[in-house]
Every structure is written in structure tokens, then in C-alpha cells.
Number of protein chains: 2
Amino acid sequence: MKLKISFLFCCLISAGLVAQPSIQEQLGHAKDTKLLIIHADDLGVAHTVNEASEMVMEKGSVSSASIMVPCPWFTEIADYSRAHPKADLGLHLTLTSEWKNYKWGPVASKTEVPGLVNKNGFLYSSVDSVYMHANLVEVEKELRAQIEQAKKFGVDFTHFDSHMGALFGNADYLKVLIKLGREYKVPVLLNKSGPRSAFNVSMENYLTEKDVQLDGIYTANPADYKNGMENFYINLLKNLKPGLSEIIMHAAYDNSEMQGVTIDHPDWGSAWRQADVNFFKSERCHKLLQYLNIQLVTWREVRDKLLR
Amino acid sequence: MKLKISFLFCCLISAGLVAQPSIQEQLGHAKDTKLLIIHADDLGVAHTVNEASEMVMEKGSVSSASIMVPCPWFTEIADYSRAHPKADLGLHLTLTSEWKNYKWGPVASKTEVPGLVNKNGFLYSSVDSVYMHANLVEVEKELRAQIEQAKKFGVDFTHFDSHMGALFGNADYLKVLIKLGREYKVPVLLNKSGPRSAFNVSMENYLTEKDVQLDGIYTANPADYKNGMENFYINLLKNLKPGLSEIIMHAAYDNSEMQGVTIDHPDWGSAWRQADVNFFKSERCHKLLQYLNIQLVTWREVRDKLLR
């Protein structure tokens, strides 16, 4: 009976006779709720990133995170995910290896994805180099290798996003990502508008109602960092609109390991990530979310309520 | 004229009419000198291993070290080697990836060396697994890939040795290593006798006078660690015999990164490596070496005076 009513409802929506429920309603909240995913990127890249991200998820206000499968510390965070089956962990699909002194290669065999590896056998440092050398067959092969590796390690991944936005800046790459999201029945980080929008690359005719799209995706840039992370995040939270939004942060402790990883690169560097940790573990952030009636949600809820 | 005398000298040695100069004499020291290489293993494996090894080489009594090319921090130590052309750095040729939560794969493409990679695409954790799955063609291919990668990064490597002794415990593997040493004109860590001896695997007929062989190779085992590293090393130094010997140590700071790498494995763990650092950076060690007339030497001297 439930099925029949749902079917009827869909027909009425399609016919324009009933307004489609808002994403908040679909997730079980009131229509105008401010829903927010606070999301840690880059898990698996370094031990301290794993440590700090776990801490801000367990004791801070971070609700979600995503994992870089080709990185050296992947097995550590995969282990964590098995031990914490409720943790909201997606895959931060990775085509680049950007740090100066600390490198990784693809999950697929290098000979199978020659356009993804530089002359030293590592993934390229920049997204532009990926676009210049790789073809779509290689990109899809590597993404599938990462996804299957995560499955093999028992990671119950809740969503897909893209390291350094490599899969967001090119329409063909983005279509591969969306296709994989549909195939594995997980939402993909897609924005209705704004700087990380899929629409920059003419995605209108490719997306359907089933593809989840966020109302806003926000992350600090170097100018925000310079002006103080706390200011940036407080303003962001105060101005958050109703809908489903995501804030992307980067957790790590500012220690010898992270200083080594991010050497000569203060942007998204070690102190930057510590500043992110400081804000999102703070009581101030916690209280502000409550005061502003911002409801934290996870990609797991989105996946399980909207796509499964 | 010099050539003729050398030739005559060699003929006389071959005929048994002149005693072959001792290795000390060949290196420009008096016949009965106690020559010692104090050697840090595992460079490239972690940032803190690089940091601490550089420190004990620059400010402590460590004279030499070797690099693991497949590891994530290889490019950092390769950078150091180019900036410090006098640093004595060899290659710690690597067929295993032994830590629980921190993994790496081969330098060669995985499909080219399938017997060296486990089902997750990493090098095997144990030497026995390598012996069980790999063949000699794959072993040589991977070792050549590591050596050529080091050359590509401008590492003027001074010697070859073997991570976890994988190339020492099997006669066929050891022959590949010795062959590569001869080809690249660098000495290989070979012991005349003792637990790490090549002779356990019937190497007599393979070695020639040109192959450098040490009079002793020493390293702490778990019982030594339990009894105190300082005791172990002081006794070792006090009892050192004339000849050319090597002490193998493992440098790292006992911090979050190294605790993460060595989790669940106190042997050769984070505190162990800090204890090694503490002794070999100490004034006590420095003074003891002087008091005992132990002369520190490098593999570079061995390579350049005996093999080039």
C-alpha cells in the first residue's frame, strides 16, 4: 500500500500537481530547517589528519569526512571505519599527489593508467596536469580501483567527493563521478550554485531529480585564513540559509608530521588545519550551532533516506 | 708506472708471495685499526625517521644511512641527499611493507611484479611471504626500479643493503643483490661471519676478492632493548675488534607519527628508535669512540677507495 501511495505521489509531482517536498522534508525535518554537514577532507593522507579528524568527529562538531584511498595512511582510517560503523565516512576520490616531499601513486597498476602518473610514478601534483595527460578511461579505471579497494577494506562509504576538485572542473570527469555515485547508490557532492557548482560545466541535462544537490558548499580560502578562521566560520554560520549545506574543513594537529607534509605551502598547511580543529572542537562552535538552530546531518542520512 | 707496480703487486698477492693488505690498510689506516660504520636504517619511511637520522648524522656519531625508495617520504630524503652531497646515503632495498596501518607498494608497476604484491596491492608484510610468492625475475625488476628511481632523483648512493634482511636470507636473492652491487660499483653489506652472514647460504664460490666483506655487523635485538640500549652499545663498542664493522641503528623521534607507524609493535618501535637516537647523539658515545680509538668511516670511502 505504501508503494502505491508513493507511486501516486511521484506521478502527481511529475504532473506538477503537488509541490516536491524540500530536501529538509525528505530528510525528516521542517521545511525551512538549516541543515548542515560539517565535513573533514583528506582522511588517510597522514596519521595526524586521521587522529585530528577522528577527534573533531567524536568530540567536536564535525559530522562527516572523506577518505583518500591511494594515500599511505588509508589502512589506518579503514580500520577506524570498521571499528566505528556509525562514523560518516565517504571517499575523497583522488587523482593528485600535491605535496612537495610526500608522494603516492594510483591504486590501479601504473601501467594501466599511464596518463595519471608522472615520470616518477606518482600522481600529478596539479589538477591541470591531470587534465593534460589523462584520458577518461584511465580516470574511471582509477576511481573504480579506489572504490573497490575501500569496499575490500570494509569501508561502508556514505558519499563521494573529489580531492582538489579534480572531478568537479571538467564536465566529462564529473559525469564519470555522477555515474559512479548512481551505480554505488551514494550521493555525490554537488552544488546547486556557487563556485564549486557543477553547472559551470553544463551539467543541467545530465542531472535528474534523484541526484542530490546541495544548497551551498563553503570552505575557507587563503584570504579567509589570513583574516582569522574563527571570524570566517562564525560569519558563515550566522549567514547560513535554510536548505542542505556543507562546510568543508581540514583537520590536523600542527606537528612535525604535518609541517613536513605541507612544507613550503602555508595555504591548507599545518597551522591552517590546526586552526580548523580549534574552531570545530570548540564549545563556542557547538553553542553557536545550537543558538542558530542549525541542525547537523550526515551523508549517511542523505544516502539512506534519499538513495536507498 | 703506477699501473705496472699495481699489476705486479696483484700478481704477487695472487701467487701468495705478498700478504694482501688488510681492509684498514686499503682504506688508508694502520693495519689493526678498529674501523666502524655507524649506520641508520629505514630513511624515507617516515618524516620523523628522516629528521632524526639527519640529526644523528650531522650532530651525532652516525656516519652512514640507507634509504627505502618505495616509501612515501623518499622524495624528502632524496632532496636532502642532493642538498648534502657529502652525506653517506645508500639504498635500503625494500621488498616488504611491514607496518600495520601504514603501507606502500612497489616502485615497479604492480602488474610487472605480481608476486611481490599482496591482494591489496601493497608489498607483503613478511619476508617469508615474499619468498613464498615472488620469483627472481620480479625481485630483480623491482630492485632495478628502486635503484633507477634513486638515480633519477639524483641520489649518489654509496652502498646497498636490504630492508628486513629479505635479500640476505636466500642465496638466489643475495646473488641478485651482489650482482647489482658489482654492476653499479657500490659495496653491498656483507658479513664475513655471524648471524647476518652471507655464508649461511653457501656464497663462498660466488664471492670474489673484489666483494667487500665486513668483519662484523651488529644490531640490537629485543632482549638488548629490554636490558637498556646504552648498556648494549657501550659493551659493543668496548668489545669491538680491529677490522671494518658496522652497527645498525634505527633513528626516529618518539612522537605521534612514529607511534602511529609502529603501533602494536614495540620491537623496533617508536621508543626503541628514540633510545637509539639518545645514545648516538650523546657526548658519552662520542667520547667513548675517541677513548677506544674507534675510527668512524663511511661507505663512500669504501666505495671510492675499493671499488672505483
# chains A, B, ... in the order shown; residues from 1 in each chain; ligands from 1
>>> residues_around(residues="Asn135 (chain A)", least_positions_apart="5", cutoff="9 Å", atoms="only C-alpha atoms", output="list in words")
Val113, Gly115, Leu116, Val130 and Glu140 of chain A
>>> write_last_selection(atoms="C-alpha atoms", output="tab-separated table (two decimals), in the first residue's frame")
chain	number	residue	atom	x	y	z
A	113	VAL	CA	46.71	4.29	-16.00
A	115	GLY	CA	48.18	9.13	-18.18
A	116	LEU	CA	47.61	9.57	-14.44
A	130	VAL	CA	45.80	15.51	-14.82
A	140	GLU	CA	37.24	5.79	-14.50
>>> interface_residues(of="chain B", to="chain A", cutoff="10 Å", atoms="only C-alpha atoms", output="PyMOL selection string")
chain B and resi 44+46-48+51+70-79+100-105+107-112+119-122+149+152-153+255-261
>>> write_last_selection(atoms="N, CA and C atoms", output="short mmCIF file (atom, residue, chain, number, x, y, z; two decimals), in the first residue's frame")
data_model
loop_
_atom_site.label_atom_id
_atom_site.label_comp_id
_atom_site.auth_asym_id
_atom_site.auth_seq_id
_atom_site.Cartn_x
_atom_site.Cartn_y
_atom_site.Cartn_z
N GLY B 44 63.44 7.49 4.68
CA GLY B 44 62.36 7.55 3.68
C GLY B 44 61.05 6.98 4.18
N ALA B 46 59.42 7.48 7.08
CA ALA B 46 58.56 8.44 7.78
C ALA B 46 59.31 9.76 7.90
N HIS B 47 58.56 10.83 8.06
CA HIS B 47 59.18 12.15 8.19
C HIS B 47 60.11 12.19 9.39
N THR B 48 59.66 11.64 10.51
CA THR B 48 60.48 11.71 11.73
C THR B 48 61.74 10.85 11.61
N GLU B 51 64.09 13.16 9.70
CA GLU B 51 64.53 14.24 10.60
C GLU B 51 65.57 13.76 11.61
N PRO B 70 60.76 2.86 -2.08
CA PRO B 70 59.31 2.81 -2.32
C PRO B 70 58.47 3.58 -1.31
N CYS B 71 59.08 4.11 -0.27
CA CYS B 71 58.30 4.67 0.84
C CYS B 71 57.86 6.12 0.56
N PRO B 72 56.77 6.53 1.25
CA PRO B 72 56.15 7.84 0.97
C PRO B 72 57.07 9.04 1.15
N TRP B 73 58.03 8.96 2.05
CA TRP B 73 58.90 10.10 2.32
C TRP B 73 60.24 10.01 1.58
N PHE B 74 60.30 9.17 0.56
CA PHE B 74 61.53 9.05 -0.23
C PHE B 74 61.96 10.38 -0.84
N THR B 75 61.00 11.12 -1.40
CA THR B 75 61.40 12.35 -2.10
C THR B 75 62.02 13.37 -1.13
N GLU B 76 61.57 13.34 0.12
CA GLU B 76 62.15 14.26 1.11
C GLU B 76 63.63 13.94 1.34
N ILE B 77 63.94 12.66 1.50
CA ILE B 77 65.35 12.32 1.79
C ILE B 77 66.20 12.42 0.52
N ALA B 78 65.57 12.21 -0.64
CA ALA B 78 66.31 12.41 -1.90
C ALA B 78 66.70 13.88 -2.03
N ASP B 79 65.78 14.75 -1.67
CA ASP B 79 66.03 16.19 -1.67
C ASP B 79 67.21 16.51 -0.73
N LYS B 100 51.44 -2.11 10.41
CA LYS B 100 50.03 -2.49 10.39
C LYS B 100 49.14 -1.49 9.63
N ASN B 101 49.35 -0.21 9.88
CA ASN B 101 48.40 0.81 9.40
C ASN B 101 48.97 1.78 8.38
N TYR B 102 50.15 1.47 7.87
CA TYR B 102 50.87 2.43 7.04
C TYR B 102 51.58 1.62 5.97
N LYS B 103 51.16 1.76 4.72
CA LYS B 103 51.58 0.81 3.69
C LYS B 103 52.12 1.50 2.44
N TRP B 104 52.92 0.73 1.71
CA TRP B 104 53.40 1.18 0.39
C TRP B 104 53.47 -0.01 -0.55
N GLY B 105 53.51 0.30 -1.82
CA GLY B 105 53.63 -0.73 -2.85
C GLY B 105 55.01 -0.70 -3.49
N VAL B 107 57.97 0.03 -6.49
CA VAL B 107 58.26 1.12 -7.43
C VAL B 107 57.88 0.67 -8.84
N ALA B 108 58.17 -0.57 -9.19
CA ALA B 108 57.73 -1.10 -10.49
C ALA B 108 56.20 -1.14 -10.50
N SER B 109 55.65 -1.20 -11.69
CA SER B 109 54.19 -1.32 -11.81
C SER B 109 53.75 -2.64 -11.19
N LYS B 110 52.60 -2.60 -10.48
CA LYS B 110 52.13 -3.81 -9.79
C LYS B 110 51.95 -4.99 -10.74
N THR B 111 51.51 -4.71 -11.95
CA THR B 111 51.29 -5.81 -12.89
C THR B 111 52.61 -6.42 -13.38
N GLU B 112 53.70 -5.67 -13.24
CA GLU B 112 55.01 -6.21 -13.67
C GLU B 112 55.64 -7.08 -12.60
N LYS B 119 47.15 -9.04 -1.93
CA LYS B 119 45.85 -8.82 -2.58
C LYS B 119 45.39 -7.36 -2.50
N ASN B 120 46.01 -6.59 -1.62
CA ASN B 120 45.65 -5.17 -1.51
C ASN B 120 46.57 -4.25 -2.31
N GLY B 121 47.52 -4.84 -3.02
CA GLY B 121 48.40 -4.02 -3.85
C GLY B 121 49.62 -3.50 -3.11
N PHE B 122 49.82 -3.92 -1.86
CA PHE B 122 50.99 -3.49 -1.10
C PHE B 122 52.07 -4.57 -1.16
N GLN B 149 65.13 4.67 -9.80
CA GLN B 149 64.36 5.78 -9.22
C GLN B 149 65.29 6.67 -8.38
N LYS B 152 67.39 8.69 -10.68
CA LYS B 152 66.58 9.74 -11.30
C LYS B 152 66.43 10.95 -10.36
N PHE B 153 66.38 10.67 -9.06
CA PHE B 153 66.25 11.74 -8.07
C PHE B 153 67.61 12.31 -7.64
N ASN B 255 57.41 10.20 18.58
CA ASN B 255 56.28 11.15 18.51
C ASN B 255 55.05 10.46 17.92
N SER B 256 54.02 11.25 17.75
CA SER B 256 52.73 10.72 17.28
C SER B 256 52.86 9.97 15.95
N GLU B 257 53.64 10.53 15.02
CA GLU B 257 53.80 9.87 13.72
C GLU B 257 54.42 8.48 13.88
N MET B 258 55.53 8.41 14.65
CA MET B 258 56.23 7.13 14.74
C MET B 258 55.45 6.13 15.59
N GLN B 259 54.73 6.67 16.59
CA GLN B 259 53.86 5.77 17.38
C GLN B 259 52.77 5.20 16.48
N GLY B 260 52.28 6.02 15.54
CA GLY B 260 51.28 5.53 14.60
C GLY B 260 51.85 4.49 13.65
N VAL B 261 53.04 4.75 13.13
CA VAL B 261 53.66 3.80 12.20
C VAL B 261 53.87 2.44 12.88
#
>>> residues_around(residues="Met203 (chain B)", least_positions_apart="3", cutoff="12 Å", atoms="only C-alpha atoms", output="JSON, numbers by chain")
{"B": [168, 169, 170, 171, 172, 173, 174, 175, 176, 178, 190, 191, 192, 193, 197, 198, 199, 200, 206, 207, 208, 211, 213]}
>>> write_last_selection(atoms="C-alpha atoms", output="PDB file, in the first residue's frame")
ATOM      1  CA  PHE B 168      70.245 -11.853   2.873  1.00  0.00           C
ATOM      2  CA  GLY B 169      68.233 -14.928   3.805  1.00  0.00           C
ATOM      3  CA  ASN B 170      68.083 -16.582   0.396  1.00  0.00           C
ATOM      4  CA  ALA B 171      71.145 -17.412  -1.710  1.00  0.00           C
ATOM      5  CA  ASP B 172      69.475 -16.589  -5.014  1.00  0.00           C
ATOM      6  CA  TYR B 173      68.220 -13.211  -3.782  1.00  0.00           C
ATOM      7  CA  LEU B 174      71.653 -12.432  -2.366  1.00  0.00           C
ATOM      8  CA  LYS B 175      73.308 -13.240  -5.680  1.00  0.00           C
ATOM      9  CA  VAL B 176      70.997 -10.732  -7.387  1.00  0.00           C
ATOM     10  CA  ILE B 178      75.700  -8.822  -5.189  1.00  0.00           C
ATOM     11  CA  LEU B 190      78.184  -8.488   3.542  1.00  0.00           C
ATOM     12  CA  ASN B 191      79.488 -10.087   6.696  1.00  0.00           C
ATOM     13  CA  LYS B 192      82.402 -12.500   6.870  1.00  0.00           C
ATOM     14  CA  SER B 193      80.651 -14.355   9.663  1.00  0.00           C
ATOM     15  CA  SER B 197      76.355 -13.754   7.197  1.00  0.00           C
ATOM     16  CA  ALA B 198      76.008 -14.471   3.553  1.00  0.00           C
ATOM     17  CA  PHE B 199      77.808 -17.727   4.198  1.00  0.00           C
ATOM     18  CA  ASN B 200      74.712 -19.281   5.736  1.00  0.00           C
ATOM     19  CA  TYR B 206      80.160 -16.675  -5.685  1.00  0.00           C
ATOM     20  CA  LEU B 207      82.177 -14.037  -3.850  1.00  0.00           C
ATOM     21  CA  THR B 208      85.492 -12.729  -5.137  1.00  0.00           C
ATOM     22  CA  ASP B 211      83.478  -8.027  -2.964  1.00  0.00           C
ATOM     23  CA  GLN B 213      83.130  -8.130   3.362  1.00  0.00           C
TER      24      GLN B 213
END
>>> residues_around(residues="region 58-69 of chain B", least_positions_apart="3", cutoff="8 Å", atoms="only C-alpha atoms", output="PyMOL selection string")
chain B and resi 37-45+53-55+74+77+87-94+107+146-147+149-150+159-161+163+280-282+285-286+296-299
>>> write_last_selection(atoms="N, CA, C and O atoms", output="compact mmCIF listing (two decimals), in the first residue's frame")
# COMPACT_ATOMS: atom_id res chain seq x y z
N ILE B 37 81.47 1.68 10.84
CA ILE B 37 80.37 2.43 10.22
C ILE B 37 79.20 2.37 11.20
O ILE B 37 78.77 1.27 11.56
N ILE B 38 78.74 3.52 11.67
CA ILE B 38 77.50 3.54 12.48
C ILE B 38 76.39 3.97 11.53
O ILE B 38 76.44 5.07 10.96
N HIS B 39 75.43 3.11 11.35
CA HIS B 39 74.52 3.19 10.20
C HIS B 39 73.05 3.27 10.63
O HIS B 39 72.56 2.43 11.39
N ALA B 40 72.35 4.28 10.11
CA ALA B 40 70.91 4.41 10.37
C ALA B 40 70.14 3.75 9.23
O ALA B 40 70.38 4.05 8.06
N ASP B 41 69.21 2.88 9.58
CA ASP B 41 68.37 2.21 8.58
C ASP B 41 67.06 2.97 8.36
O ASP B 41 66.68 3.84 9.15
N ASP B 42 66.37 2.61 7.29
CA ASP B 42 64.95 2.96 7.09
C ASP B 42 64.67 4.40 6.70
O ASP B 42 63.51 4.86 6.84
N LEU B 43 65.65 5.15 6.20
CA LEU B 43 65.35 6.52 5.79
C LEU B 43 64.32 6.50 4.65
O LEU B 43 64.32 5.61 3.81
N GLY B 44 63.44 7.49 4.68
CA GLY B 44 62.36 7.55 3.68
C GLY B 44 61.05 6.98 4.18
O GLY B 44 60.00 7.26 3.62
N VAL B 45 61.11 6.18 5.26
CA VAL B 45 59.86 5.52 5.69
C VAL B 45 58.89 6.52 6.33
O VAL B 45 57.68 6.41 6.14
N SER B 53 67.31 10.95 11.63
CA SER B 53 68.52 10.38 11.02
C SER B 53 69.45 11.49 10.54
O SER B 53 70.68 11.40 10.71
N GLU B 54 68.88 12.54 9.96
CA GLU B 54 69.71 13.68 9.55
C GLU B 54 70.42 14.27 10.77
O GLU B 54 71.61 14.58 10.72
N MET B 55 69.68 14.39 11.87
CA MET B 55 70.26 14.98 13.08
C MET B 55 71.42 14.13 13.62
O MET B 55 72.50 14.67 13.90
N PHE B 74 60.30 9.17 0.56
CA PHE B 74 61.53 9.05 -0.23
C PHE B 74 61.96 10.38 -0.84
O PHE B 74 63.14 10.75 -0.81
N ILE B 77 63.94 12.66 1.50
CA ILE B 77 65.35 12.32 1.79
C ILE B 77 66.20 12.42 0.52
O ILE B 77 67.39 12.75 0.58
N ALA B 87 76.81 13.63 2.41
CA ALA B 87 76.13 12.68 3.31
C ALA B 87 76.27 11.28 2.72
O ALA B 87 76.16 11.08 1.50
N ASP B 88 76.52 10.32 3.59
CA ASP B 88 76.77 8.95 3.13
C ASP B 88 75.45 8.17 3.12
O ASP B 88 75.05 7.61 4.14
N LEU B 89 74.82 8.15 1.97
CA LEU B 89 73.49 7.53 1.87
C LEU B 89 73.49 6.41 0.83
O LEU B 89 73.81 6.63 -0.33
N GLY B 90 73.12 5.24 1.29
CA GLY B 90 72.96 4.11 0.38
C GLY B 90 71.50 3.79 0.18
O GLY B 90 70.62 4.57 0.56
N LEU B 91 71.24 2.65 -0.44
CA LEU B 91 69.85 2.23 -0.66
C LEU B 91 69.54 1.01 0.20
O LEU B 91 70.26 0.01 0.17
N HIS B 92 68.47 1.14 0.96
CA HIS B 92 67.98 0.07 1.83
C HIS B 92 66.91 -0.66 1.00
O HIS B 92 65.71 -0.44 1.17
N LEU B 93 67.37 -1.49 0.10
CA LEU B 93 66.47 -2.07 -0.91
C LEU B 93 65.34 -2.84 -0.22
O LEU B 93 65.57 -3.60 0.73
N THR B 94 64.13 -2.62 -0.70
CA THR B 94 62.94 -2.93 0.09
C THR B 94 61.98 -3.83 -0.68
O THR B 94 61.53 -3.48 -1.77
N VAL B 107 57.97 0.03 -6.49
CA VAL B 107 58.26 1.12 -7.43
C VAL B 107 57.88 0.67 -8.84
O VAL B 107 57.31 1.44 -9.61
N GLN B 146 63.96 0.42 -8.09
CA GLN B 146 64.31 1.25 -6.94
C GLN B 146 65.64 1.98 -7.18
O GLN B 146 65.77 3.18 -6.89
N ILE B 147 66.60 1.27 -7.72
CA ILE B 147 67.93 1.87 -7.96
C ILE B 147 67.81 2.99 -9.01
O ILE B 147 68.36 4.08 -8.83
N GLN B 149 65.13 4.67 -9.80
CA GLN B 149 64.36 5.78 -9.22
C GLN B 149 65.29 6.67 -8.38
O GLN B 149 65.24 7.90 -8.47
N ALA B 150 66.15 6.05 -7.58
CA ALA B 150 67.10 6.83 -6.76
C ALA B 150 68.03 7.64 -7.66
O ALA B 150 68.30 8.82 -7.39
N HIS B 159 76.10 2.62 -1.20
CA HIS B 159 76.11 1.18 -0.88
C HIS B 159 74.69 0.65 -1.00
O HIS B 159 73.73 1.43 -1.08
N PHE B 160 74.58 -0.65 -0.99
CA PHE B 160 73.27 -1.32 -0.97
C PHE B 160 73.17 -2.18 0.28
O PHE B 160 74.12 -2.90 0.63
N ASP B 161 72.03 -2.14 0.94
CA ASP B 161 71.72 -3.18 1.93
C ASP B 161 70.25 -3.54 1.77
O ASP B 161 69.65 -3.23 0.74
N HIS B 163 66.28 -4.17 3.42
CA HIS B 163 65.30 -3.98 4.49
C HIS B 163 64.79 -5.33 5.00
O HIS B 163 64.39 -6.19 4.21
N PHE B 280 73.22 7.64 20.26
CA PHE B 280 74.17 8.02 19.20
C PHE B 280 74.31 9.53 19.00
O PHE B 280 75.19 9.97 18.29
N LYS B 281 73.44 10.30 19.65
CA LYS B 281 73.67 11.75 19.63
C LYS B 281 74.45 12.18 20.88
O LYS B 281 74.88 13.33 20.98
N SER B 282 74.68 11.25 21.81
CA SER B 282 75.22 11.65 23.13
C SER B 282 76.72 11.94 23.08
O SER B 282 77.47 11.37 22.29
N CYS B 285 78.72 8.75 23.88
CA CYS B 285 79.07 7.91 22.75
C CYS B 285 80.28 8.49 22.01
O CYS B 285 81.24 7.77 21.72
N HIS B 286 80.23 9.77 21.76
CA HIS B 286 81.31 10.45 21.05
C HIS B 286 82.65 10.26 21.77
O HIS B 286 83.67 9.90 21.16
N LEU B 296 85.56 6.24 12.92
CA LEU B 296 84.34 6.16 12.10
C LEU B 296 84.69 6.28 10.62
O LEU B 296 85.50 7.13 10.24
N VAL B 297 84.08 5.45 9.82
CA VAL B 297 84.28 5.55 8.37
C VAL B 297 82.90 5.50 7.69
O VAL B 297 81.88 5.25 8.33
N THR B 298 82.92 5.75 6.39
CA THR B 298 81.67 5.76 5.63
C THR B 298 81.74 4.74 4.49
O THR B 298 82.83 4.34 4.05
N TRP B 299 80.58 4.38 4.01
CA TRP B 299 80.53 3.52 2.82
C TRP B 299 81.07 4.26 1.60
O TRP B 299 81.55 3.64 0.65
>>> atom_distance(atom1="CA of Ala166 (chain A)", atom2="CA of Asp215 (chain A)")
20.8 Å
>>> residues_around(residues="Ser270 (chain B)", least_positions_apart="4", cutoff="7 Å", atoms="only C-alpha atoms", output="PDB file with C-alpha atoms, in the first residue's frame")
ATOM      1  CA  ALA B 252      63.287   8.365  14.891  1.00  0.00           C
ATOM      2  CA  TYR B 253      61.780  10.719  17.424  1.00  0.00           C
ATOM      3  CA  ASP B 254      59.235   9.065  19.694  1.00  0.00           C
ATOM      4  CA  MET B 258      56.232   7.129  14.742  1.00  0.00           C
ATOM      5  CA  GLN B 259      53.864   5.773  17.378  1.00  0.00           C
ATOM      6  CA  THR B 262      54.849   1.234  14.742  1.00  0.00           C
ATOM      7  CA  GLN B 274      64.284   7.309  20.307  1.00  0.00           C
TER       8      GLN B 274
END
>>> select_by_dssp(residues="region 109-291 of chain B", states="strand (DSSP E or B)", output="JSON, numbers by chain")
{"B": [117, 123, 160, 161, 162, 188, 191, 214, 216, 217, 218, 219, 243, 244, 245, 246, 247, 248, 249]}
>>> select_by_dssp(residues="region 221-275 of chain B", states="alpha helix (DSSP H)", output="short mmCIF file (atom, residue, chain, number, x, y, z; two decimals) with N, CA and C atoms, in the first residue's frame")
data_model
loop_
_atom_site.label_atom_id
_atom_site.label_comp_id
_atom_site.auth_asym_id
_atom_site.auth_seq_id
_atom_site.Cartn_x
_atom_site.Cartn_y
_atom_site.Cartn_z
N PRO B 222 65.47 -7.52 20.51
CA PRO B 222 64.53 -7.16 21.58
C PRO B 222 65.07 -7.39 23.00
N ALA B 223 65.88 -8.42 23.20
CA ALA B 223 66.46 -8.63 24.54
C ALA B 223 67.42 -7.51 24.89
N ASP B 224 68.21 -7.06 23.91
CA ASP B 224 69.13 -5.94 24.15
C ASP B 224 68.36 -4.67 24.52
N TYR B 225 67.28 -4.45 23.80
CA TYR B 225 66.46 -3.26 24.09
C TYR B 225 65.91 -3.31 25.50
N LYS B 226 65.45 -4.49 25.87
CA LYS B 226 64.88 -4.68 27.21
C LYS B 226 65.92 -4.40 28.30
N MET B 229 69.47 0.09 25.97
CA MET B 229 70.27 0.30 24.76
C MET B 229 71.66 0.80 25.08
N GLU B 230 71.76 1.69 26.08
CA GLU B 230 73.07 2.26 26.39
C GLU B 230 74.04 1.16 26.79
N ASN B 231 73.58 0.26 27.67
CA ASN B 231 74.42 -0.88 28.06
C ASN B 231 74.87 -1.67 26.85
N PHE B 232 73.90 -1.95 25.99
CA PHE B 232 74.19 -2.77 24.82
C PHE B 232 75.27 -2.13 23.95
N TYR B 233 75.08 -0.84 23.65
CA TYR B 233 76.03 -0.20 22.74
C TYR B 233 77.40 0.01 23.39
N ILE B 234 77.41 0.33 24.68
CA ILE B 234 78.70 0.53 25.36
C ILE B 234 79.50 -0.77 25.34
N ASN B 235 78.83 -1.88 25.66
CA ASN B 235 79.52 -3.18 25.62
C ASN B 235 80.02 -3.49 24.22
N LEU B 236 79.18 -3.22 23.25
CA LEU B 236 79.54 -3.48 21.86
C LEU B 236 80.81 -2.71 21.49
N LEU B 237 80.82 -1.42 21.81
CA LEU B 237 81.97 -0.60 21.45
C LEU B 237 83.22 -1.05 22.19
N LYS B 238 83.05 -1.38 23.47
CA LYS B 238 84.22 -1.81 24.27
C LYS B 238 84.84 -3.08 23.73
N SER B 256 54.02 11.25 17.75
CA SER B 256 52.73 10.72 17.28
C SER B 256 52.86 9.97 15.95
N GLU B 257 53.64 10.53 15.02
CA GLU B 257 53.80 9.87 13.72
C GLU B 257 54.42 8.48 13.88
N MET B 258 55.53 8.41 14.65
CA MET B 258 56.23 7.13 14.74
C MET B 258 55.45 6.13 15.59
N GLN B 259 54.73 6.67 16.59
CA GLN B 259 53.86 5.77 17.38
C GLN B 259 52.77 5.20 16.48
N GLY B 260 52.28 6.02 15.54
CA GLY B 260 51.28 5.53 14.60
C GLY B 260 51.85 4.49 13.65
N VAL B 261 53.04 4.75 13.13
CA VAL B 261 53.66 3.80 12.20
C VAL B 261 53.87 2.44 12.88
N SER B 270 58.69 2.99 18.30
CA SER B 270 58.96 4.41 18.40
C SER B 270 59.93 4.72 19.56
N ALA B 271 59.68 4.14 20.73
CA ALA B 271 60.55 4.39 21.89
C ALA B 271 61.94 3.77 21.65
N TRP B 272 61.96 2.63 21.02
CA TRP B 272 63.22 1.96 20.64
C TRP B 272 64.09 2.90 19.81
N ARG B 273 63.47 3.51 18.80
CA ARG B 273 64.23 4.37 17.89
C ARG B 273 64.69 5.65 18.59
N GLN B 274 63.86 6.15 19.52
CA GLN B 274 64.28 7.31 20.31
C GLN B 274 65.48 6.94 21.18
N ALA B 275 65.47 5.72 21.74
CA ALA B 275 66.60 5.27 22.57
C ALA B 275 67.88 5.20 21.72
#
